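Visitor: Pasting in a structure now, in structure tokens, and then I'll have a few things to ask.
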Amino acid sequence: MQTADPMPDDLIIGPDAEAAIRQALLRVARGRRPADRLLRVGRLFDAGTGTWTADAEIAVSDRRVAFTCPRGSFPGTAAETVDRPGLAAVPGFGEVHKHIG
């Protein structure tokens with residue numbers, strides 16, 4: 001019988017760590033901290049509205065999405081920018097309902 005690979009330790013988080021992660025992502029989203037990568041895609045699906053945004057950007061920090069927006073709307077900078085105009089991005093697993101104060 002094959003066993004599943006264990007999750008990396010940084011993906012198993014408690015409430016205090018989650019709060020710190022979300023605060024760091026918020027700093028990236030507001031442009032106060034650079035993103036690791038800015039991914040530019042041809043289309044981005046918004047699961048909340050069921051609509052597509054053409055020519056979108058996804059700011060990534062520490063393997064997590066910090067911000068999504070139409071191209072040119074990200075208020076910050078990124079260590080790396082990757083253009084993938086033929087790519088359509090669709091959200092995967094994640095908590096879509098959080099209140100960050």
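Just remember, in the structure tokens the first chain shown is A, the second B, etc., residues are 1-based per chain, and ligands are 1-based in the order shown.
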Just the strand (DSSP E) stuff from segment 11-100 of chain A, please, per backbone DSSP, written as a ChimeraX atom specification.

Guide: /A:35-46,51-61,64-70,78-89

Visitor: Show which residues sit within 10 Å of segment 25-36 of chain A, as an NGL selection string. Count only C-alpha atoms, and ignore same-chain residues fewer than 3 positions away.

Guide: :A and (19-22 or 39 or 58-68 or 74-81 or 100)

Visitor: Quick one: residues within 10 Å of segment 83-92 of chain A, only C-alpha atoms counted, chain neighbours fewer than 4 positions away excluded, as a list in words?

Guide: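 With the cut-off at 10 Å, the set is Leu38, Leu39, Arg40, Val41, Gly42, Arg43, Leu44, Phe45, Asp46, Ala47, Trp52, Thr53, Ala54, Asp55, Ala56, Glu57, Ile58, Val65 and Val96 of chain A.
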
Visitor: Could you please write out, as a PyMOL selection string, every residue of chain A that DSSP assigns to helix (DSSP H, G or I)?

Guide: chain A and resi 9-11+15-29
